[in-house]
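This report refers to the structure that appears directly beneath it.
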Amino acid sequence: METISTGRPVHMVPDDVMADILHRLGPHDLAVSRCVCKPWCAVIDARRMLPADSHLLPLSLAGFFTVFTPGSLTAYFSRPSAPVVGKFDYLDTHDACSLSVVDQCNGLLLTKDHRVINPVTQQWASLPPYPYMFTPCIKGGYQRENMYLVFDPSVSPHYEVFLFHSVPYTIPDADYYEDVSEAFPPAVKKMEWPPSSYTLRVYSSKTRQWEEKPFIREGEAAGTIGDMEFALSPGHCHAAYWRRALYVHQHDFVIRYALFIK
């Protein structure tokens, strides 16, 4: 953020002068400036200084969604006087299970049936089926698929959905394996995770299609597949977007993906 000095304490600067100063900032820095103090927030909101799509930036907390356990129904909590945005009665389905929220990011929701919903504007879109991407078949191995939503209205009005595969894991079966240590071949057990290079399927609302994006690991691996083979893994690994990076929790480590949002 550019540093601008007025030579006077902030509380003594007239609103018109402060507005002229803040107008010099870009959308991202302007959104951040709203959080500095109440006078700055009032100046920015009163003059609608954020760009035309500023309605995408939440100005206050009307309520919040919560999921108590993975796969359970989504609950919406708000003040009695606040507008109700959690009914989803404007959608073409009322199946509560399919409308369970699996991820959220800056006001947008991703549901179990692959819908992206803006509960404030009541706009929504269904994700198209994602194309099959070949992954090496590992005998006795499984991988869960998790989708994560990335939306930063201070950078772009478009959102992206990332499709992640979990760490390969096995379900030991005494009738199938004489020894559970043989669930994965030795060569597979030695494979690093995350891999040194990784390809993700990513959906962009800008192009309205799925694409493959390569990522290169920086630093050491968290371990090997053998280290994590029988480790307790959560049914759904959560993620969080923060400052143009996506942090994904897997097993007992977190992967940081640096993103370039357009």
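Ligands are numbered from 1 in the order shown, residues from 1 within each chain, and chains are lettered A, B, ... in the order they appear in the structure tokens.
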
Set the distance at 9 Å and use only C-alpha atoms: which residues neighbour Gly226 in chain A once local chain neighbours fewer than 2 positions away are removed? I'd like the list as a short mmCIF file (atom, residue, chain, number, x, y, z; two decimals) with N, CA and C atoms, in the first residue's frame.
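This is the output file selection_26.cif:
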data_model
loop_
_atom_site.label_atom_id
_atom_site.label_comp_id
_atom_site.auth_asym_id
_atom_site.auth_seq_id
_atom_site.Cartn_x
_atom_site.Cartn_y
_atom_site.Cartn_z
N PHE A 184 0.56 -51.41 0.02
CA PHE A 184 1.18 -50.67 -1.06
C PHE A 184 2.54 -51.30 -1.37
N PRO A 186 6.52 -51.49 -2.14
CA PRO A 186 7.60 -50.68 -1.55
C PRO A 186 7.91 -49.42 -2.35
N VAL A 188 5.87 -47.57 -4.07
CA VAL A 188 4.83 -46.58 -3.81
C VAL A 188 5.02 -45.98 -2.43
N LYS A 189 5.37 -46.80 -1.46
CA LYS A 189 5.57 -46.31 -0.10
C LYS A 189 6.65 -45.23 -0.03
N LYS A 190 7.63 -45.30 -0.95
CA LYS A 190 8.74 -44.35 -0.92
C LYS A 190 8.42 -43.04 -1.64
N MET A 191 7.27 -42.97 -2.32
CA MET A 191 6.92 -41.76 -3.07
C MET A 191 6.65 -40.60 -2.11
N GLU A 192 7.17 -39.43 -2.46
CA GLU A 192 7.00 -38.25 -1.62
C GLU A 192 5.59 -37.69 -1.77
N GLY A 223 6.35 -35.80 3.78
CA GLY A 223 6.69 -37.17 4.12
C GLY A 223 6.51 -38.05 2.91
N THR A 224 6.39 -39.34 3.14
CA THR A 224 6.15 -40.30 2.06
C THR A 224 4.76 -40.91 2.21
N MET A 228 2.21 -42.06 5.67
CA MET A 228 0.82 -41.64 5.89
C MET A 228 -0.17 -42.74 5.55
N GLU A 229 0.31 -43.91 5.17
CA GLU A 229 -0.56 -44.95 4.62
C GLU A 229 -1.70 -45.32 5.55
N PHE A 230 -1.41 -45.50 6.82
CA PHE A 230 -2.44 -45.93 7.76
C PHE A 230 -2.75 -44.84 8.79
#

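For Phe260 in chain A, the list of residues within 10 Å, based on only C-alpha atoms and with local chain neighbours fewer than 3 positions off taken out, reads Val155, Arg244, Ala245 and Tyr257 of chain A.
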
Find the spatial neighbours of Arg243 in chain A, counting only C-alpha atoms, within a cut-off of 10 Å - ignore same-chain residues fewer than 6 positions away - and output them as number ranges by chain. A: 152, 258-259

Name the closest residue to Trp242 in chain A among the candidates A:Ala125, A:Leu30, A:Leu149, A:Val167; distances are taken between atoms, counting only C-alpha atoms.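 With only C-alpha atoms as the atom set, the closest residue is A:Leu149.
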
Close residues, range 209-221 of chain A itself excluded, 8 Å, only C-alpha atoms, min 5 positions apart in chain, as a PyMOL selection string: chain A and resi 128+130-131+192-204

Only N, CA, C and O atoms, please: the residues just picked out, written as a PDB file, in the first residue's frame.
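Final output, saved to part_24.pdb:
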ATOM      1  N   PRO A 128     -20.066 -27.371 -14.280  1.00  0.00           N
ATOM      2  CA  PRO A 128     -20.168 -28.449 -15.274  1.00  0.00           C
ATOM      3  C   PRO A 128     -19.390 -29.671 -14.793  1.00  0.00           C
ATOM      4  O   PRO A 128     -18.510 -29.557 -13.935  1.00  0.00           O
ATOM      5  N   TYR A 130     -16.602 -32.228 -14.332  1.00  0.00           N
ATOM      6  CA  TYR A 130     -15.179 -32.035 -14.590  1.00  0.00           C
ATOM      7  C   TYR A 130     -14.635 -33.206 -15.410  1.00  0.00           C
ATOM      8  O   TYR A 130     -15.056 -34.344 -15.247  1.00  0.00           O
ATOM      9  N   PRO A 131     -13.690 -32.927 -16.319  1.00  0.00           N
ATOM     10  CA  PRO A 131     -13.148 -33.973 -17.190  1.00  0.00           C
ATOM     11  C   PRO A 131     -12.299 -34.957 -16.412  1.00  0.00           C
ATOM     12  O   PRO A 131     -11.666 -34.612 -15.412  1.00  0.00           O
ATOM     13  N   GLU A 192       7.174 -39.433  -2.464  1.00  0.00           N
ATOM     14  CA  GLU A 192       6.998 -38.252  -1.617  1.00  0.00           C
ATOM     15  C   GLU A 192       5.587 -37.689  -1.770  1.00  0.00           C
ATOM     16  O   GLU A 192       4.958 -37.787  -2.810  1.00  0.00           O
ATOM     17  N   TRP A 193       5.119 -37.084  -0.668  1.00  0.00           N
ATOM     18  CA  TRP A 193       3.844 -36.371  -0.702  1.00  0.00           C
ATOM     19  C   TRP A 193       3.948 -35.082   0.092  1.00  0.00           C
ATOM     20  O   TRP A 193       4.422 -35.111   1.232  1.00  0.00           O
ATOM     21  N   PRO A 194       3.565 -33.941  -0.501  1.00  0.00           N
ATOM     22  CA  PRO A 194       3.073 -33.797  -1.857  1.00  0.00           C
ATOM     23  C   PRO A 194       4.176 -34.077  -2.887  1.00  0.00           C
ATOM     24  O   PRO A 194       5.360 -33.905  -2.584  1.00  0.00           O
ATOM     25  N   PRO A 195       3.790 -34.478  -4.108  1.00  0.00           N
ATOM     26  CA  PRO A 195       4.796 -34.732  -5.145  1.00  0.00           C
ATOM     27  C   PRO A 195       5.546 -33.450  -5.503  1.00  0.00           C
ATOM     28  O   PRO A 195       5.080 -32.340  -5.217  1.00  0.00           O
ATOM     29  N   SER A 196       6.683 -33.616  -6.154  1.00  0.00           N
ATOM     30  CA  SER A 196       7.468 -32.442  -6.549  1.00  0.00           C
ATOM     31  C   SER A 196       6.739 -31.599  -7.587  1.00  0.00           C
ATOM     32  O   SER A 196       6.896 -30.384  -7.638  1.00  0.00           O
ATOM     33  N   SER A 197       5.931 -32.239  -8.424  1.00  0.00           N
ATOM     34  CA  SER A 197       5.068 -31.522  -9.360  1.00  0.00           C
ATOM     35  C   SER A 197       3.659 -32.087  -9.236  1.00  0.00           C
ATOM     36  O   SER A 197       3.477 -33.280  -8.994  1.00  0.00           O
ATOM     37  N   TYR A 198       2.684 -31.228  -9.407  1.00  0.00           N
ATOM     38  CA  TYR A 198       1.307 -31.617  -9.120  1.00  0.00           C
ATOM     39  C   TYR A 198       0.379 -30.885 -10.077  1.00  0.00           C
ATOM     40  O   TYR A 198       0.544 -29.688 -10.307  1.00  0.00           O
ATOM     41  N   THR A 199      -0.577 -31.590 -10.660  1.00  0.00           N
ATOM     42  CA  THR A 199      -1.546 -30.990 -11.571  1.00  0.00           C
ATOM     43  C   THR A 199      -2.929 -31.043 -10.944  1.00  0.00           C
ATOM     44  O   THR A 199      -3.379 -32.093 -10.503  1.00  0.00           O
ATOM     45  N   LEU A 200      -3.580 -29.884 -10.890  1.00  0.00           N
ATOM     46  CA  LEU A 200      -4.918 -29.779 -10.320  1.00  0.00           C
ATOM     47  C   LEU A 200      -5.920 -29.414 -11.401  1.00  0.00           C
ATOM     48  O   LEU A 200      -5.588 -28.710 -12.358  1.00  0.00           O
ATOM     49  N   ARG A 201      -7.145 -29.880 -11.233  1.00  0.00           N
ATOM     50  CA  ARG A 201      -8.227 -29.433 -12.091  1.00  0.00           C
ATOM     51  C   ARG A 201      -8.878 -28.220 -11.430  1.00  0.00           C
ATOM     52  O   ARG A 201      -9.244 -28.265 -10.248  1.00  0.00           O
ATOM     53  N   VAL A 202      -9.019 -27.150 -12.207  1.00  0.00           N
ATOM     54  CA  VAL A 202      -9.520 -25.885 -11.683  1.00  0.00           C
ATOM     55  C   VAL A 202     -10.624 -25.364 -12.597  1.00  0.00           C
ATOM     56  O   VAL A 202     -10.449 -25.290 -13.817  1.00  0.00           O
ATOM     57  N   TYR A 203     -11.755 -25.014 -11.991  1.00  0.00           N
ATOM     58  CA  TYR A 203     -12.847 -24.398 -12.748  1.00  0.00           C
ATOM     59  C   TYR A 203     -12.798 -22.890 -12.552  1.00  0.00           C
ATOM     60  O   TYR A 203     -12.637 -22.404 -11.432  1.00  0.00           O
ATOM     61  N   SER A 204     -12.954 -22.134 -13.643  1.00  0.00           N
ATOM     62  CA  SER A 204     -12.961 -20.674 -13.589  1.00  0.00           C
ATOM     63  C   SER A 204     -14.311 -20.155 -14.065  1.00  0.00           C
ATOM     64  O   SER A 204     -14.796 -20.552 -15.133  1.00  0.00           O
TER      65      SER A 204
END
